[in-house]
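Undergrad: As input, take start.cif (mmCIF, N, CA and C atoms):
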```cif
data_input
loop_
_atom_site.label_atom_id
_atom_site.label_comp_id
_atom_site.auth_asym_id
_atom_site.auth_seq_id
_atom_site.Cartn_x
_atom_site.Cartn_y
_atom_site.Cartn_z
N MET V 1 -24.69 -17.25 -4.66
CA MET V 1 -23.26 -17.33 -4.46
C MET V 1 -22.71 -15.91 -4.59
N ASN V 2 -21.87 -15.51 -3.65
CA ASN V 2 -21.31 -14.16 -3.73
C ASN V 2 -20.04 -14.16 -4.58
N VAL V 3 -19.51 -12.99 -4.83
CA VAL V 3 -18.35 -12.83 -5.71
C VAL V 3 -17.14 -13.57 -5.15
N ARG V 4 -16.97 -13.55 -3.84
CA ARG V 4 -15.84 -14.25 -3.23
C ARG V 4 -15.92 -15.75 -3.50
N GLN V 5 -17.12 -16.31 -3.37
CA GLN V 5 -17.29 -17.74 -3.63
C GLN V 5 -17.03 -18.06 -5.10
N HIS V 6 -17.52 -17.20 -5.99
CA HIS V 6 -17.24 -17.39 -7.42
C HIS V 6 -15.75 -17.38 -7.67
N ALA V 7 -15.04 -16.44 -7.10
CA ALA V 7 -13.60 -16.33 -7.31
C ALA V 7 -12.88 -17.58 -6.78
N PHE V 8 -13.31 -18.06 -5.62
CA PHE V 8 -12.71 -19.25 -5.04
C PHE V 8 -12.90 -20.45 -5.96
N HIS V 9 -14.12 -20.64 -6.45
CA HIS V 9 -14.39 -21.77 -7.33
C HIS V 9 -13.70 -21.63 -8.68
N ALA V 10 -13.66 -20.41 -9.21
CA ALA V 10 -12.97 -20.19 -10.48
C ALA V 10 -11.48 -20.51 -10.34
N ARG V 11 -10.89 -20.06 -9.25
CA ARG V 11 -9.47 -20.32 -9.00
C ARG V 11 -9.23 -21.83 -8.87
N ALA V 12 -10.09 -22.51 -8.12
CA ALA V 12 -9.94 -23.96 -7.94
C ALA V 12 -10.08 -24.71 -9.26
N LEU V 13 -11.07 -24.32 -10.06
CA LEU V 13 -11.28 -24.97 -11.35
C LEU V 13 -10.10 -24.73 -12.28
N GLN V 14 -9.65 -23.48 -12.36
CA GLN V 14 -8.53 -23.16 -13.23
C GLN V 14 -7.27 -23.90 -12.79
N ASP V 15 -7.03 -23.96 -11.50
CA ASP V 15 -5.85 -24.67 -11.00
C ASP V 15 -5.95 -26.17 -11.27
N ALA V 16 -7.15 -26.73 -11.15
CA ALA V 16 -7.35 -28.15 -11.42
C ALA V 16 -7.07 -28.47 -12.90
N CYS V 17 -7.30 -27.50 -13.76
CA CYS V 17 -7.06 -27.70 -15.19
C CYS V 17 -5.62 -27.43 -15.60
N GLY V 18 -4.79 -27.03 -14.64
CA GLY V 18 -3.38 -26.77 -14.96
C GLY V 18 -3.00 -25.30 -14.87
N GLY V 19 -3.88 -24.48 -14.35
CA GLY V 19 -3.59 -23.06 -14.18
C GLY V 19 -4.23 -22.21 -15.25
N PRO V 20 -4.20 -20.89 -15.05
CA PRO V 20 -4.86 -19.98 -15.99
C PRO V 20 -4.33 -20.07 -17.42
N ASP V 21 -3.02 -20.22 -17.57
CA ASP V 21 -2.48 -20.28 -18.92
C ASP V 21 -2.96 -21.51 -19.67
N ARG V 22 -3.05 -22.64 -18.97
CA ARG V 22 -3.57 -23.86 -19.59
C ARG V 22 -5.05 -23.69 -19.94
N CYS V 23 -5.79 -23.01 -19.09
CA CYS V 23 -7.21 -22.75 -19.37
C CYS V 23 -7.36 -21.89 -20.62
N LEU V 24 -6.49 -20.91 -20.77
CA LEU V 24 -6.54 -20.07 -21.98
C LEU V 24 -6.34 -20.93 -23.22
N GLU V 25 -5.39 -21.86 -23.15
CA GLU V 25 -5.14 -22.76 -24.27
C GLU V 25 -6.36 -23.63 -24.56
N LEU V 26 -6.94 -24.19 -23.50
CA LEU V 26 -8.11 -25.06 -23.68
C LEU V 26 -9.29 -24.30 -24.26
N LEU V 27 -9.54 -23.11 -23.75
CA LEU V 27 -10.70 -22.33 -24.19
C LEU V 27 -10.49 -21.70 -25.56
N GLU V 28 -9.26 -21.59 -26.00
CA GLU V 28 -8.94 -20.96 -27.28
C GLU V 28 -9.69 -21.62 -28.44
N THR V 29 -9.81 -22.93 -28.41
CA THR V 29 -10.45 -23.65 -29.51
C THR V 29 -11.94 -23.90 -29.26
N SER V 30 -12.42 -23.43 -28.13
CA SER V 30 -13.83 -23.65 -27.80
C SER V 30 -14.65 -22.42 -28.18
N PRO V 31 -15.97 -22.52 -28.15
CA PRO V 31 -16.81 -21.35 -28.39
C PRO V 31 -16.82 -20.39 -27.19
N PHE V 32 -16.10 -20.75 -26.14
CA PHE V 32 -16.13 -19.96 -24.89
C PHE V 32 -14.80 -19.28 -24.62
N LYS V 33 -14.12 -18.90 -25.68
CA LYS V 33 -12.81 -18.25 -25.57
C LYS V 33 -12.89 -17.03 -24.64
N MET V 34 -11.90 -16.90 -23.77
CA MET V 34 -11.83 -15.76 -22.84
C MET V 34 -10.46 -15.10 -22.98
N GLY V 35 -10.43 -13.82 -22.69
CA GLY V 35 -9.16 -13.11 -22.68
C GLY V 35 -8.43 -13.37 -21.37
N ARG V 36 -7.12 -13.17 -21.39
CA ARG V 36 -6.28 -13.39 -20.21
C ARG V 36 -6.75 -12.53 -19.04
N THR V 37 -7.02 -11.26 -19.29
CA THR V 37 -7.42 -10.37 -18.20
C THR V 37 -8.73 -10.83 -17.58
N HIS V 38 -9.70 -11.18 -18.40
CA HIS V 38 -10.98 -11.65 -17.88
C HIS V 38 -10.79 -12.91 -17.05
N LEU V 39 -9.98 -13.85 -17.56
CA LEU V 39 -9.75 -15.10 -16.85
C LEU V 39 -9.12 -14.84 -15.48
N TYR V 40 -8.13 -13.97 -15.44
CA TYR V 40 -7.48 -13.65 -14.16
C TYR V 40 -8.41 -12.85 -13.25
N ASP V 41 -9.23 -11.98 -13.83
CA ASP V 41 -10.18 -11.21 -13.01
C ASP V 41 -11.18 -12.13 -12.31
N CYS V 42 -11.51 -13.25 -12.95
CA CYS V 42 -12.45 -14.20 -12.34
C CYS V 42 -11.88 -14.83 -11.07
N ARG V 43 -10.57 -14.85 -10.95
CA ARG V 43 -9.91 -15.42 -9.77
C ARG V 43 -9.84 -14.44 -8.61
N ASP V 44 -10.09 -13.17 -8.88
CA ASP V 44 -9.91 -12.12 -7.88
C ASP V 44 -11.26 -11.62 -7.39
N PRO V 45 -11.60 -11.85 -6.12
CA PRO V 45 -12.91 -11.41 -5.62
C PRO V 45 -13.08 -9.90 -5.66
N ALA V 46 -12.00 -9.15 -5.65
CA ALA V 46 -12.09 -7.70 -5.68
C ALA V 46 -12.53 -7.18 -7.05
N LYS V 47 -12.36 -7.98 -8.09
CA LYS V 47 -12.72 -7.54 -9.45
C LYS V 47 -14.21 -7.68 -9.71
N GLY V 48 -14.88 -8.60 -9.04
CA GLY V 48 -16.32 -8.74 -9.21
C GLY V 48 -16.74 -9.41 -10.51
N ARG V 49 -15.83 -10.11 -11.18
CA ARG V 49 -16.16 -10.79 -12.43
C ARG V 49 -16.35 -12.28 -12.16
N THR V 50 -17.26 -12.86 -12.89
CA THR V 50 -17.49 -14.30 -12.76
C THR V 50 -17.23 -14.96 -14.11
N MET V 51 -16.93 -16.24 -14.05
CA MET V 51 -16.68 -16.98 -15.29
C MET V 51 -18.00 -17.24 -16.01
N PRO V 52 -18.01 -17.12 -17.33
CA PRO V 52 -19.22 -17.48 -18.09
C PRO V 52 -19.52 -18.97 -17.89
N ILE V 53 -20.78 -19.29 -17.81
CA ILE V 53 -21.18 -20.68 -17.53
C ILE V 53 -20.69 -21.62 -18.63
N GLY V 54 -20.60 -21.15 -19.86
CA GLY V 54 -20.08 -22.00 -20.93
C GLY V 54 -18.63 -22.38 -20.69
N ALA V 55 -17.82 -21.42 -20.24
CA ALA V 55 -16.41 -21.70 -19.95
C ALA V 55 -16.30 -22.65 -18.76
N ILE V 56 -17.17 -22.45 -17.76
CA ILE V 56 -17.18 -23.35 -16.60
C ILE V 56 -17.48 -24.77 -17.05
N ALA V 57 -18.54 -24.93 -17.83
CA ALA V 57 -18.95 -26.26 -18.28
C ALA V 57 -17.86 -26.91 -19.13
N PHE V 58 -17.24 -26.13 -20.01
CA PHE V 58 -16.19 -26.67 -20.88
C PHE V 58 -15.00 -27.15 -20.05
N LEU V 59 -14.54 -26.33 -19.11
CA LEU V 59 -13.38 -26.70 -18.29
C LEU V 59 -13.71 -27.87 -17.36
N GLU V 60 -14.92 -27.87 -16.80
CA GLU V 60 -15.31 -28.99 -15.94
C GLU V 60 -15.37 -30.29 -16.74
N ALA V 61 -15.89 -30.22 -17.96
CA ALA V 61 -15.96 -31.42 -18.80
C ALA V 61 -14.55 -31.91 -19.14
N HIS V 62 -13.66 -30.99 -19.40
CA HIS V 62 -12.28 -31.35 -19.71
C HIS V 62 -11.62 -32.04 -18.52
N GLN V 63 -11.86 -31.52 -17.35
CA GLN V 63 -11.22 -32.02 -16.14
C GLN V 63 -12.03 -33.13 -15.46
N ASN V 64 -13.27 -33.31 -15.90
CA ASN V 64 -14.20 -34.26 -15.27
C ASN V 64 -14.33 -33.96 -13.78
N TRP V 65 -14.60 -32.70 -13.49
CA TRP V 65 -14.67 -32.21 -12.11
C TRP V 65 -15.78 -31.17 -12.06
N ARG V 66 -16.85 -31.42 -11.34
CA ARG V 66 -18.05 -30.60 -11.39
C ARG V 66 -18.30 -29.76 -10.13
N LEU V 67 -17.30 -29.41 -9.39
CA LEU V 67 -17.52 -28.69 -8.14
C LEU V 67 -18.18 -27.33 -8.36
N TYR V 68 -17.71 -26.55 -9.32
CA TYR V 68 -18.24 -25.20 -9.54
C TYR V 68 -19.73 -25.27 -9.89
N SER V 69 -20.08 -26.04 -10.92
CA SER V 69 -21.48 -26.09 -11.35
C SER V 69 -22.37 -26.76 -10.29
N ALA V 70 -21.83 -27.74 -9.58
CA ALA V 70 -22.62 -28.38 -8.53
C ALA V 70 -22.92 -27.39 -7.41
N THR V 71 -21.96 -26.56 -7.10
CA THR V 71 -22.18 -25.53 -6.07
C THR V 71 -23.22 -24.53 -6.54
N LEU V 72 -23.14 -24.14 -7.80
CA LEU V 72 -24.14 -23.22 -8.35
C LEU V 72 -25.54 -23.83 -8.30
N ALA V 73 -25.62 -25.14 -8.54
CA ALA V 73 -26.91 -25.81 -8.58
C ALA V 73 -27.57 -25.89 -7.20
N ARG V 74 -26.79 -25.95 -6.16
CA ARG V 74 -27.37 -26.04 -4.82
C ARG V 74 -27.19 -24.72 -4.07
N GLN V 75 -27.62 -23.68 -4.73
CA GLN V 75 -27.54 -22.34 -4.16
C GLN V 75 -28.16 -22.28 -2.77
N LEU V 76 -27.43 -21.69 -1.87
CA LEU V 76 -27.94 -21.44 -0.53
C LEU V 76 -28.08 -19.93 -0.34
N ALA V 77 -28.64 -19.55 0.75
CA ALA V 77 -28.79 -18.12 1.04
C ALA V 77 -27.41 -17.46 1.10
N GLN V 78 -27.37 -16.20 0.71
CA GLN V 78 -26.13 -15.43 0.79
C GLN V 78 -25.61 -15.44 2.22
N PRO V 79 -24.28 -15.47 2.40
CA PRO V 79 -23.77 -15.39 3.76
C PRO V 79 -24.10 -14.03 4.35
N SER V 80 -24.22 -14.01 5.65
CA SER V 80 -24.53 -12.75 6.32
C SER V 80 -23.33 -11.80 6.22
N ASP V 81 -23.59 -10.51 6.45
CA ASP V 81 -22.51 -9.54 6.44
C ASP V 81 -21.50 -9.86 7.54
N ALA V 82 -21.99 -10.36 8.66
CA ALA V 82 -21.08 -10.72 9.76
C ALA V 82 -20.16 -11.86 9.34
N ALA V 83 -20.70 -12.84 8.61
CA ALA V 83 -19.87 -13.96 8.14
C ALA V 83 -18.84 -13.46 7.13
N CYS V 84 -19.24 -12.53 6.27
CA CYS V 84 -18.30 -11.96 5.30
C CYS V 84 -17.20 -11.18 6.02
N ALA V 85 -17.58 -10.44 7.05
CA ALA V 85 -16.59 -9.67 7.80
C ALA V 85 -15.59 -10.60 8.46
N LEU V 86 -16.09 -11.69 9.04
CA LEU V 86 -15.20 -12.65 9.69
C LEU V 86 -14.27 -13.30 8.66
N SER V 87 -14.81 -13.68 7.51
CA SER V 87 -14.01 -14.28 6.45
C SER V 87 -12.92 -13.33 5.99
N GLU V 88 -13.29 -12.07 5.75
CA GLU V 88 -12.31 -11.06 5.32
C GLU V 88 -11.23 -10.86 6.39
N ALA V 89 -11.64 -10.82 7.66
CA ALA V 89 -10.68 -10.62 8.74
C ALA V 89 -9.70 -11.80 8.82
N CYS V 90 -10.20 -13.01 8.66
CA CYS V 90 -9.33 -14.18 8.69
C CYS V 90 -8.34 -14.14 7.54
N GLU V 91 -8.82 -13.80 6.35
CA GLU V 91 -7.93 -13.74 5.20
C GLU V 91 -6.92 -12.60 5.33
N ALA V 92 -7.33 -11.49 5.93
CA ALA V 92 -6.40 -10.38 6.18
C ALA V 92 -5.29 -10.83 7.13
N ALA V 93 -5.66 -11.59 8.16
CA ALA V 93 -4.67 -12.08 9.12
C ALA V 93 -3.69 -13.03 8.43
N GLU V 94 -4.20 -13.89 7.55
CA GLU V 94 -3.32 -14.81 6.82
C GLU V 94 -2.38 -14.04 5.89
N ASP V 95 -2.91 -13.05 5.19
CA ASP V 95 -2.07 -12.23 4.32
C ASP V 95 -1.02 -11.48 5.13
N MET V 96 -1.41 -10.97 6.30
CA MET V 96 -0.47 -10.24 7.14
C MET V 96 0.62 -11.18 7.64
N ALA V 97 0.28 -12.42 7.94
CA ALA V 97 1.29 -13.40 8.34
C ALA V 97 2.30 -13.62 7.22
N ALA V 98 1.81 -13.66 5.98
CA ALA V 98 2.71 -13.80 4.84
C ALA V 98 3.61 -12.57 4.71
N ALA V 99 3.05 -11.39 4.93
CA ALA V 99 3.84 -10.16 4.88
C ALA V 99 4.88 -10.17 5.99
N GLN V 100 4.47 -10.58 7.17
CA GLN V 100 5.39 -10.63 8.31
C GLN V 100 6.56 -11.56 7.99
N ARG V 101 6.28 -12.70 7.40
CA ARG V 101 7.34 -13.65 7.04
C ARG V 101 8.31 -13.04 6.05
N LEU V 102 7.78 -12.37 5.02
CA LEU V 102 8.65 -11.76 4.02
C LEU V 102 9.52 -10.66 4.62
N VAL V 103 8.93 -9.85 5.49
CA VAL V 103 9.70 -8.77 6.14
C VAL V 103 10.79 -9.37 7.03
N ARG V 104 10.43 -10.40 7.78
CA ARG V 104 11.40 -11.05 8.67
C ARG V 104 12.56 -11.62 7.86
N LEU V 105 12.26 -12.29 6.77
CA LEU V 105 13.31 -12.85 5.92
C LEU V 105 14.15 -11.75 5.27
N ALA V 106 13.50 -10.67 4.87
CA ALA V 106 14.21 -9.58 4.19
C ALA V 106 15.19 -8.88 5.13
N GLN V 107 14.82 -8.73 6.37
CA GLN V 107 15.69 -8.00 7.30
C GLN V 107 16.69 -8.90 8.01
N ALA V 108 16.69 -10.18 7.70
CA ALA V 108 17.58 -11.13 8.37
C ALA V 108 19.05 -10.75 8.23
N ASP V 109 19.42 -10.19 7.08
CA ASP V 109 20.81 -9.78 6.88
C ASP V 109 21.05 -8.33 7.27
N GLY V 110 20.05 -7.68 7.80
CA GLY V 110 20.19 -6.30 8.27
C GLY V 110 19.95 -5.25 7.20
N VAL V 111 19.72 -5.67 5.97
CA VAL V 111 19.50 -4.73 4.86
C VAL V 111 18.29 -5.21 4.06
N ILE V 112 17.34 -4.31 3.83
CA ILE V 112 16.19 -4.65 2.99
C ILE V 112 16.44 -4.04 1.62
N THR V 113 16.61 -4.91 0.64
CA THR V 113 16.93 -4.45 -0.71
C THR V 113 15.68 -3.99 -1.45
N GLU V 114 15.91 -3.31 -2.56
CA GLU V 114 14.79 -2.86 -3.39
C GLU V 114 14.01 -4.05 -3.94
N TYR V 115 14.71 -5.11 -4.29
CA TYR V 115 14.04 -6.33 -4.76
C TYR V 115 13.12 -6.87 -3.67
N GLU V 116 13.60 -6.93 -2.44
CA GLU V 116 12.79 -7.44 -1.34
C GLU V 116 11.58 -6.54 -1.09
N LYS V 117 11.77 -5.23 -1.22
CA LYS V 117 10.64 -4.30 -1.06
C LYS V 117 9.57 -4.57 -2.13
N ARG V 118 10.03 -4.80 -3.37
CA ARG V 118 9.08 -5.06 -4.45
C ARG V 118 8.36 -6.39 -4.24
N GLU V 119 9.00 -7.33 -3.57
CA GLU V 119 8.37 -8.60 -3.27
C GLU V 119 7.33 -8.46 -2.15
N ILE V 120 7.59 -7.58 -1.21
CA ILE V 120 6.71 -7.39 -0.05
C ILE V 120 5.49 -6.53 -0.40
N GLU V 121 5.67 -5.55 -1.26
CA GLU V 121 4.61 -4.57 -1.54
C GLU V 121 3.28 -5.19 -1.98
N PRO V 122 3.26 -6.15 -2.92
CA PRO V 122 1.96 -6.72 -3.32
C PRO V 122 1.24 -7.41 -2.17
N VAL V 123 2.00 -8.00 -1.26
CA VAL V 123 1.39 -8.67 -0.12
C VAL V 123 0.75 -7.63 0.80
N LEU V 124 1.44 -6.50 0.99
CA LEU V 124 0.88 -5.43 1.81
C LEU V 124 -0.38 -4.85 1.16
N LEU V 125 -0.38 -4.74 -0.15
CA LEU V 125 -1.57 -4.25 -0.86
C LEU V 125 -2.74 -5.21 -0.67
N ARG V 126 -2.46 -6.52 -0.68
CA ARG V 126 -3.52 -7.50 -0.42
C ARG V 126 -4.08 -7.33 0.98
N VAL V 127 -3.18 -7.11 1.96
CA VAL V 127 -3.63 -6.90 3.33
C VAL V 127 -4.55 -5.69 3.40
N GLU V 128 -4.14 -4.59 2.78
CA GLU V 128 -4.97 -3.38 2.79
C GLU V 128 -6.32 -3.63 2.13
N ALA V 129 -6.33 -4.37 1.03
CA ALA V 129 -7.59 -4.67 0.34
C ALA V 129 -8.49 -5.53 1.22
N ARG V 130 -7.90 -6.49 1.92
CA ARG V 130 -8.69 -7.33 2.83
C ARG V 130 -9.29 -6.50 3.95
N LEU V 131 -8.50 -5.58 4.49
CA LEU V 131 -9.01 -4.72 5.56
C LEU V 131 -10.15 -3.85 5.06
N GLN V 132 -10.06 -3.38 3.83
CA GLN V 132 -11.17 -2.62 3.24
C GLN V 132 -12.40 -3.52 3.12
N GLY V 133 -12.18 -4.80 2.79
CA GLY V 133 -13.29 -5.75 2.72
C GLY V 133 -13.95 -5.95 4.07
N VAL V 134 -13.15 -5.98 5.13
CA VAL V 134 -13.71 -6.10 6.48
C VAL V 134 -14.56 -4.88 6.79
N ARG V 135 -14.01 -3.68 6.51
CA ARG V 135 -14.75 -2.44 6.76
C ARG V 135 -16.06 -2.42 5.97
N SER V 136 -15.98 -2.82 4.72
CA SER V 136 -17.17 -2.81 3.86
C SER V 136 -18.23 -3.76 4.41
N ALA V 137 -17.81 -4.96 4.78
CA ALA V 137 -18.77 -5.94 5.31
C ALA V 137 -19.37 -5.44 6.62
N LEU V 138 -18.55 -4.81 7.44
CA LEU V 138 -19.07 -4.26 8.70
C LEU V 138 -20.06 -3.14 8.44
N ASP V 139 -19.72 -2.27 7.49
CA ASP V 139 -20.63 -1.14 7.17
C ASP V 139 -21.96 -1.65 6.63
N GLN V 140 -21.91 -2.68 5.80
CA GLN V 140 -23.15 -3.23 5.23
C GLN V 140 -23.98 -3.93 6.29
N GLY V 141 -23.31 -4.42 7.33
CA GLY V 141 -24.01 -5.15 8.37
C GLY V 141 -24.55 -4.28 9.48
N VAL V 142 -24.31 -2.97 9.40
CA VAL V 142 -24.75 -2.05 10.46
C VAL V 142 -26.27 -1.91 10.39
N ALA V 143 -26.91 -2.14 11.51
CA ALA V 143 -28.37 -1.95 11.58
C ALA V 143 -28.67 -0.47 11.76
N ALA V 144 -29.62 0.02 11.02
CA ALA V 144 -29.94 1.45 11.08
C ALA V 144 -30.77 1.79 12.28
#
```
Just give me the structure of the file as structure tokens.
TA:
Amino acid sequence: MNVRQHAFHARALQDACGGPDRCLELLETSPFKMGRTHLYDCRDPAKGRTMPIGAIAFLEAHQNWRLYSATLARQLAQPSDAACALSEACEAAEDMAAAQRLVRLAQADGVITEYEKREIEPVLLRVEARLQGVRSALDQGVAA
């Protein structure tokens, strides 16, 4: 399983349990306590962090939902670099659509406020990060 898949499953598991803050509360009393930063980093494929298996098992048992561990158990071959590039490109397009929507809404009154700029900037940063992911996947997939 690659980092992106781990992040996807961690995000899904955390959301199923009520979100990251609820997970922090649940894990607080368990032997698998995690810090807020680590928990949020597990949701972000760019961070490269994965959830400890103990925390996964604890949260899955709490939620009675075994998708993450079941996926780990039936490991398949890593996706090809071409598949990763396509995935990154699709996600970049989706992020750019979100940015386009925010810009369109912000300029509807003819003035883009500082608040609106601050709302748009993180989305643009995500788009740039996705594009870097596309470039990286393409570079890794180049035959010598």
Undergrad: Could you tell me how far atom CA of V:Val123 lies from atom CA of V:Met34, in Å and to one decimal?
TA: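 Answer for the atom CA of V:Val123 to atom CA of V:Met34 separation: 27.2 Å.
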Undergrad: Rounded to one decimal place, report the atom CA of V:Arg66-atom CA of V:Cys23 distance in Å.
TA: 15.6 Å
Undergrad: Tell me, as JSON, numbers by chain, which residues lie within 12 Å of stretch 90-100 of chain V, counting only C-alpha atoms; anything in the same chain fewer than 5 positions away does not count.
TA: {"V": [4, 83, 84, 85, 105, 106, 107, 116, 117, 118, 119, 120, 121, 122, 123, 124, 125, 126, 127, 128, 129, 130, 131, 132, 133, 134, 135]}
Undergrad: Between V:Ala12, V:Ala7, V:Phe58, V:Gly18, which residue has the minimum interatomic distance to V:Ser30, considering only C-alpha atoms?
TA: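 Using only C-alpha atoms, V:Ser30 sits closest to V:Phe58.
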Undergrad: Measuring atom to atom with only C-alpha atoms, identify which of V:Val111, V:Leu138, V:Val3, V:Ala57 is nearest to V:Ala82.
TA: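 The answer is V:Leu138, which sits nearest to V:Ala82.
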Undergrad: For the point (-18.1, -24.8, -8.9) in the file's frame, write as a list in words all residues with an atom no more than 8 Å away, counting only N, CA and C atoms.
TA: Gln5, His6, Phe8, His9, Ala10, Leu13, Ile56, Trp65, Arg66, Leu67, Tyr68, Ser69, Ala70, Thr71, Leu72 and Ala73 of chain V
Undergrad: Just how far from atom CA of V:Leu26 is atom C of V:Cys42, in Å to one decimal?
TA: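 Those two atoms sit 16.7 Å apart.
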Undergrad: Using 5 Å of padding on each side, determine the axis-aligned box around all atoms of stretch 13-24 of chain V present in the file and give its centre and edge lengths in Å to one decimal, as JSON.
TA:
```
{"center_x": -6.9, "center_y": -24.2, "center_z": -16.6, "size_x": 18.8, "size_y": 18.5, "size_z": 23.2}
```
Undergrad: Between V:Asp109, V:Tyr115, V:Arg22, V:Arg11, which is the closest to V:Met51 once you count only C-alpha atoms?
TA: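 The closest residue to V:Met51 is V:Arg11.
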Undergrad: Can you list, as number ranges by chain, all residues belonging to chain V that DSSP tags as helix (DSSP H, G or I)?
TA: V: 3-16, 20-28, 36-43, 53-63, 67-73, 81-109, 114-140
Undergrad: From the set V:Leu102, V:Ala61, V:Met1, V:Ala108, which residue has the shortest atom-to-atom contact distance to V:Pro45, counting only C-alpha atoms?
TA: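 The closest residue to V:Pro45 is V:Met1.
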Undergrad: Closest to V:Pro20 among V:Ala46, V:Leu39, V:Ala137, V:Ala89, using only C-alpha atoms?
TA: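 That would be V:Leu39, the residue with the smallest distance to V:Pro20.
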Undergrad: Given the file shown, determine the residues that the PyMOL selection byres (((chain V and resi 35 and name CA) around 12) and name CA) selects; report them as an MDAnalysis selection string.
TA: chainID V and resid 20:21 23:25 27:28 32:34 36:42 51:52 55
Undergrad: Quick one: stretch 20-26 of chain V with all heavy atoms, as a PDB file, keeping the file's coordinate frame?
TA:
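Saved the output as result07.pdb:
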```
ATOM      1  N   PRO V  20      -4.200 -20.890 -15.050  1.00  0.00           N
ATOM      2  CA  PRO V  20      -4.860 -19.980 -15.990  1.00  0.00           C
ATOM      3  C   PRO V  20      -4.330 -20.070 -17.420  1.00  0.00           C
ATOM      4  O   PRO V  20      -5.112 -20.026 -18.371  1.00  0.00           O
ATOM      5  CB  PRO V  20      -4.593 -18.596 -15.396  1.00  0.00           C
ATOM      6  CG  PRO V  20      -4.261 -18.839 -13.969  1.00  0.00           C
ATOM      7  CD  PRO V  20      -3.662 -20.196 -13.894  1.00  0.00           C
ATOM      8  N   ASP V  21      -3.020 -20.220 -17.570  1.00  0.00           N
ATOM      9  CA  ASP V  21      -2.480 -20.280 -18.920  1.00  0.00           C
ATOM     10  C   ASP V  21      -2.960 -21.510 -19.670  1.00  0.00           C
ATOM     11  O   ASP V  21      -3.286 -21.449 -20.854  1.00  0.00           O
ATOM     12  CB  ASP V  21      -0.943 -20.236 -18.882  1.00  0.00           C
ATOM     13  CG  ASP V  21      -0.429 -18.885 -18.432  1.00  0.00           C
ATOM     14  OD1 ASP V  21      -1.129 -17.868 -18.671  1.00  0.00           O
ATOM     15  OD2 ASP V  21       0.666 -18.830 -17.852  1.00  0.00           O
ATOM     16  N   ARG V  22      -3.050 -22.640 -18.970  1.00  0.00           N
ATOM     17  CA  ARG V  22      -3.570 -23.860 -19.590  1.00  0.00           C
ATOM     18  C   ARG V  22      -5.050 -23.690 -19.940  1.00  0.00           C
ATOM     19  O   ARG V  22      -5.499 -24.133 -20.996  1.00  0.00           O
ATOM     20  CB  ARG V  22      -3.369 -25.057 -18.648  1.00  0.00           C
ATOM     21  CG  ARG V  22      -3.911 -26.335 -19.179  1.00  0.00           C
ATOM     22  CD  ARG V  22      -3.134 -26.847 -20.386  1.00  0.00           C
ATOM     23  NE  ARG V  22      -3.701 -28.121 -20.816  1.00  0.00           N
ATOM     24  CZ  ARG V  22      -3.942 -28.432 -22.068  1.00  0.00           C
ATOM     25  NH1 ARG V  22      -3.628 -27.592 -23.026  1.00  0.00           N
ATOM     26  NH2 ARG V  22      -4.459 -29.587 -22.372  1.00  0.00           N
ATOM     27  N   CYS V  23      -5.790 -23.010 -19.090  1.00  0.00           N
ATOM     28  CA  CYS V  23      -7.210 -22.750 -19.370  1.00  0.00           C
ATOM     29  C   CYS V  23      -7.360 -21.890 -20.620  1.00  0.00           C
ATOM     30  O   CYS V  23      -8.260 -22.137 -21.433  1.00  0.00           O
ATOM     31  CB  CYS V  23      -7.884 -22.068 -18.182  1.00  0.00           C
ATOM     32  SG  CYS V  23      -8.090 -23.155 -16.764  1.00  0.00           S
ATOM     33  N   LEU V  24      -6.490 -20.910 -20.770  1.00  0.00           N
ATOM     34  CA  LEU V  24      -6.540 -20.070 -21.980  1.00  0.00           C
ATOM     35  C   LEU V  24      -6.340 -20.930 -23.220  1.00  0.00           C
ATOM     36  O   LEU V  24      -7.040 -20.764 -24.223  1.00  0.00           O
ATOM     37  CB  LEU V  24      -5.479 -18.973 -21.913  1.00  0.00           C
ATOM     38  CG  LEU V  24      -5.758 -17.840 -20.951  1.00  0.00           C
ATOM     39  CD1 LEU V  24      -4.536 -16.938 -20.815  1.00  0.00           C
ATOM     40  CD2 LEU V  24      -6.960 -17.029 -21.409  1.00  0.00           C
ATOM     41  N   GLU V  25      -5.390 -21.860 -23.150  1.00  0.00           N
ATOM     42  CA  GLU V  25      -5.140 -22.760 -24.270  1.00  0.00           C
ATOM     43  C   GLU V  25      -6.360 -23.630 -24.560  1.00  0.00           C
ATOM     44  O   GLU V  25      -6.749 -23.800 -25.717  1.00  0.00           O
ATOM     45  CB  GLU V  25      -3.940 -23.661 -23.974  1.00  0.00           C
ATOM     46  CG  GLU V  25      -2.625 -22.949 -23.902  1.00  0.00           C
ATOM     47  CD  GLU V  25      -1.503 -23.865 -23.405  1.00  0.00           C
ATOM     48  OE1 GLU V  25      -1.695 -25.106 -23.400  1.00  0.00           O
ATOM     49  OE2 GLU V  25      -0.459 -23.335 -23.009  1.00  0.00           O
ATOM     50  N   LEU V  26      -6.940 -24.190 -23.500  1.00  0.00           N
ATOM     51  CA  LEU V  26      -8.110 -25.060 -23.680  1.00  0.00           C
ATOM     52  C   LEU V  26      -9.290 -24.300 -24.260  1.00  0.00           C
ATOM     53  O   LEU V  26      -9.989 -24.800 -25.147  1.00  0.00           O
ATOM     54  CB  LEU V  26      -8.511 -25.692 -22.345  1.00  0.00           C
ATOM     55  CG  LEU V  26      -7.529 -26.690 -21.735  1.00  0.00           C
ATOM     56  CD1 LEU V  26      -7.932 -27.027 -20.309  1.00  0.00           C
ATOM     57  CD2 LEU V  26      -7.452 -27.949 -22.586  1.00  0.00           C
TER      58      LEU V  26
END
```
